[in-house]
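Engineer: What follows is a single structure, and I will ask about it in a moment.
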Amino acid sequence: MEKWSVVRCPACRNCHGTRTRARQCPHCGQSLSSDTPIVATADSAAQLRIEVALANTPEEIRDELRKKLEATQEPLVSINSTSPRRLYALIVEHVGKDGVMHRSDVENVLAKVESEMDVDDLLDQLEINGTIIRRQDGTWQLLE
Ligand SMILES: [Zn+2]
């Protein structure tokens, strides 16, 4: 996996994130040699933002800041949790043992997680995936 690095400029002491080895400090323009020490690494741009902010923060308040910054990452997690896969898992919990799904079941689940996904879009996706099959009475049979 490609890594992101946080390096500290030897001239101005500011840290910044970089995908490759830094060549120039974005703060003061100092040319950075290839042996500029890496103070932290990150697996993603989101993680990199946190590491840069922490590196530029006095040590004594870093722990507190890390908690705050990592807490602000949570919206990303909840977007993932409303993927069609996740929504389907919630629908399965919602639907009775007979596995018959009503349109209102889907609407309820989407409302519950405050998803902006359209009911019909989700139904289409699940049908295309072969996760559900449309019945003649306008309900759906869960297949998984
Ligand atoms: Zn600098």
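Numbering starts fresh at 1 for the residues of each chain in the structure tokens, the chains themselves are lettered A, B, ... in the order given, and ligands are numbered from 1 as they appear.
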Please identify the strand (DSSP E) residues within range 6-142 of chain A (assignment by DSSP from backbone atoms) and present them as a list in words.
Structural biologist: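 Those in range 6-142 of chain A that DSSP calls strand (DSSP E) are Val6, Val7, Arg8, Cys15, His16, Gly17, Thr18, Ile38, Val39, Ala40, Thr41, Ala42, Val100, Met101, Ile132, Ile133, Arg134, Trp140, Gln141 and Leu142 of chain A.
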Engineer: Any chance you could export the current selection's C-alpha atoms as a PDB file, in the first residue's frame?
Structural biologist:
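Final output, saved to selection19.pdb:
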```
ATOM      1  CA  VAL A   6       5.023  13.600   7.476  1.00  0.00           C
ATOM      2  CA  VAL A   7       8.365  15.402   7.381  1.00  0.00           C
ATOM      3  CA  ARG A   8       9.684  18.272   9.475  1.00  0.00           C
ATOM      4  CA  CYS A  15       5.686  19.680   9.479  1.00  0.00           C
ATOM      5  CA  HIS A  16       3.866  18.857   6.306  1.00  0.00           C
ATOM      6  CA  GLY A  17       2.528  15.784   4.584  1.00  0.00           C
ATOM      7  CA  THR A  18       3.881  14.380   1.362  1.00  0.00           C
ATOM      8  CA  ILE A  38      10.086  11.304   8.439  1.00  0.00           C
ATOM      9  CA  VAL A  39       8.311  12.027  11.725  1.00  0.00           C
ATOM     10  CA  ALA A  40       5.178   9.990  10.985  1.00  0.00           C
ATOM     11  CA  THR A  41       3.565   7.905   8.276  1.00  0.00           C
ATOM     12  CA  ALA A  42      -0.082   7.466   7.336  1.00  0.00           C
ATOM     13  CA  VAL A 100     -40.858 -11.073   2.707  1.00  0.00           C
ATOM     14  CA  MET A 101     -39.816  -7.456   2.345  1.00  0.00           C
ATOM     15  CA  ILE A 132     -33.773  -9.918  -3.496  1.00  0.00           C
ATOM     16  CA  ILE A 133     -36.372 -11.010  -6.019  1.00  0.00           C
ATOM     17  CA  ARG A 134     -39.560  -9.144  -6.839  1.00  0.00           C
ATOM     18  CA  TRP A 140     -39.775  -8.801  -2.399  1.00  0.00           C
ATOM     19  CA  GLN A 141     -38.367 -12.107  -1.281  1.00  0.00           C
ATOM     20  CA  LEU A 142     -35.021 -11.925   0.463  1.00  0.00           C
TER      21      LEU A 142
END
```
Engineer: List as a VMD selection string the protein and nucleic acid residues lying within 6 Å of ligand 1, with only C-alpha atoms and all ligand atoms counted.
Structural biologist: chain A and resid 9 11 to 12 14 25 27 to 30
Engineer: Take the residues from that selection and put them in a file with C-alpha atoms, as an mmCIF file, in the first residue's frame.
Structural biologist:
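Result file follows (result_34.cif):
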```cif
data_model
loop_
_atom_site.group_PDB
_atom_site.id
_atom_site.type_symbol
_atom_site.label_atom_id
_atom_site.label_comp_id
_atom_site.auth_asym_id
_atom_site.auth_seq_id
_atom_site.Cartn_x
_atom_site.Cartn_y
_atom_site.Cartn_z
ATOM 1 C CA CYS A 9 11.397 21.148 7.700
ATOM 2 C CA ALA A 11 14.611 25.455 8.589
ATOM 3 C CA CYS A 12 11.198 26.523 9.904
ATOM 4 C CA ASN A 14 6.913 23.120 10.416
ATOM 5 C CA CYS A 25 8.977 23.034 2.294
ATOM 6 C CA HIS A 27 5.875 26.851 4.487
ATOM 7 C CA CYS A 28 9.233 28.548 3.879
ATOM 8 C CA GLY A 29 10.455 27.187 0.539
ATOM 9 C CA GLN A 30 13.525 25.520 2.019
#
```
Engineer: One decimal, Å: what's the distance from CA of Gln24 in chain A over to CA of Asp63 in chain A, could you say?
Structural biologist: 28.8 Å
Engineer: When distances are computed from only C-alpha atoms, which of A:Thr139, A:Gln47, A:Asn56, A:Ser34 shows the smallest separation from Trp4 in chain A?
Structural biologist: A:Gln47
Engineer: So, with only C-alpha atoms as the atoms that count, which of A:Thr131, A:Thr57, A:Asn108, A:Ser115 lies closest to Arg85 in chain A?
Structural biologist: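 Ranked by minimum distance to Arg85 in chain A, first place goes to A:Thr131.
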Engineer: CA of Asp124 in chain A and CA of Tyr88 in chain A are how many Å apart?
Structural biologist: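 One can read the CA of Asp124 in chain A to CA of Tyr88 in chain A distance as 12.3 Å.
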Engineer: DSSP on the backbone, alpha helix (DSSP H) only: what residues of range 35-73 of chain A does that give? Format it as a list in words.
Structural biologist: Ala45, Ala46, Gln47, Leu48, Arg49, Ile50, Glu51, Val52, Ala53, Leu54, Ala55, Arg62, Asp63, Glu64, Leu65, Arg66, Lys67, Lys68, Leu69, Glu70, Ala71 and Thr72 of chain A
Engineer: Filtering to N, CA and C atoms, could you give me those residues as an mmCIF file, in the first residue's frame?
Structural biologist:
```
data_model
loop_
_atom_site.group_PDB
_atom_site.id
_atom_site.type_symbol
_atom_site.label_atom_id
_atom_site.label_comp_id
_atom_site.auth_asym_id
_atom_site.auth_seq_id
_atom_site.Cartn_x
_atom_site.Cartn_y
_atom_site.Cartn_z
ATOM 1 N N ALA A 45 -4.975 9.790 3.067
ATOM 2 C CA ALA A 45 -4.937 11.249 3.135
ATOM 3 C C ALA A 45 -5.613 11.739 4.414
ATOM 4 N N ALA A 46 -6.673 11.054 4.825
ATOM 5 C CA ALA A 46 -7.382 11.465 6.041
ATOM 6 C C ALA A 46 -6.488 11.295 7.267
ATOM 7 N N GLN A 47 -5.812 10.149 7.318
ATOM 8 C CA GLN A 47 -4.898 9.901 8.436
ATOM 9 C C GLN A 47 -3.743 10.887 8.391
ATOM 10 N N LEU A 48 -3.295 11.198 7.181
ATOM 11 C CA LEU A 48 -2.177 12.127 7.021
ATOM 12 C C LEU A 48 -2.508 13.491 7.619
ATOM 13 N N ARG A 49 -3.729 13.958 7.383
ATOM 14 C CA ARG A 49 -4.134 15.268 7.923
ATOM 15 C C ARG A 49 -3.999 15.277 9.443
ATOM 16 N N ILE A 50 -4.376 14.180 10.062
ATOM 17 C CA ILE A 50 -4.282 14.089 11.518
ATOM 18 C C ILE A 50 -2.824 14.104 11.955
ATOM 19 N N GLU A 51 -1.993 13.311 11.262
ATOM 20 C CA GLU A 51 -0.587 13.212 11.664
ATOM 21 C C GLU A 51 0.135 14.545 11.501
ATOM 22 N N VAL A 52 -0.201 15.286 10.430
ATOM 23 C CA VAL A 52 0.436 16.589 10.222
ATOM 24 C C VAL A 52 0.023 17.549 11.334
ATOM 25 N N ALA A 53 -1.271 17.567 11.630
ATOM 26 C CA ALA A 53 -1.757 18.469 12.683
ATOM 27 C C ALA A 53 -1.085 18.135 14.010
ATOM 28 N N LEU A 54 -0.954 16.837 14.288
ATOM 29 C CA LEU A 54 -0.329 16.416 15.548
ATOM 30 C C LEU A 54 1.141 16.792 15.591
ATOM 31 N N ALA A 55 1.816 16.616 14.453
ATOM 32 C CA ALA A 55 3.245 16.907 14.413
ATOM 33 C C ALA A 55 3.510 18.390 14.637
ATOM 34 N N ARG A 62 -0.939 16.884 22.466
ATOM 35 C CA ARG A 62 -1.147 15.991 21.313
ATOM 36 C C ARG A 62 -2.219 14.935 21.539
ATOM 37 N N ASP A 63 -2.185 14.318 22.721
ATOM 38 C CA ASP A 63 -3.144 13.239 22.982
ATOM 39 C C ASP A 63 -4.574 13.747 22.890
ATOM 40 N N GLU A 64 -4.767 14.933 23.477
ATOM 41 C CA GLU A 64 -6.099 15.513 23.472
ATOM 42 C C GLU A 64 -6.532 15.837 22.038
ATOM 43 N N LEU A 65 -5.609 16.422 21.279
ATOM 44 C CA LEU A 65 -5.919 16.788 19.899
ATOM 45 C C LEU A 65 -6.199 15.544 19.057
ATOM 46 N N ARG A 66 -5.408 14.496 19.272
ATOM 47 C CA ARG A 66 -5.627 13.270 18.505
ATOM 48 C C ARG A 66 -7.046 12.753 18.701
ATOM 49 N N LYS A 67 -7.488 12.777 19.948
ATOM 50 C CA LYS A 67 -8.860 12.316 20.228
ATOM 51 C C LYS A 67 -9.880 13.147 19.467
ATOM 52 N N LYS A 68 -9.690 14.457 19.503
ATOM 53 C CA LYS A 68 -10.628 15.357 18.821
ATOM 54 C C LYS A 68 -10.625 15.105 17.316
ATOM 55 N N LEU A 69 -9.428 15.023 16.748
ATOM 56 C CA LEU A 69 -9.325 14.856 15.296
ATOM 57 C C LEU A 69 -9.894 13.517 14.860
ATOM 58 N N GLU A 70 -9.598 12.489 15.634
ATOM 59 C CA GLU A 70 -10.087 11.175 15.234
ATOM 60 C C GLU A 70 -11.597 11.098 15.385
ATOM 61 N N ALA A 71 -12.140 11.873 16.323
ATOM 62 C CA ALA A 71 -13.596 11.914 16.477
ATOM 63 C C ALA A 71 -14.241 12.553 15.258
ATOM 64 N N THR A 72 -13.580 13.545 14.660
ATOM 65 C CA THR A 72 -14.165 14.201 13.498
ATOM 66 C C THR A 72 -14.093 13.315 12.259
#
```
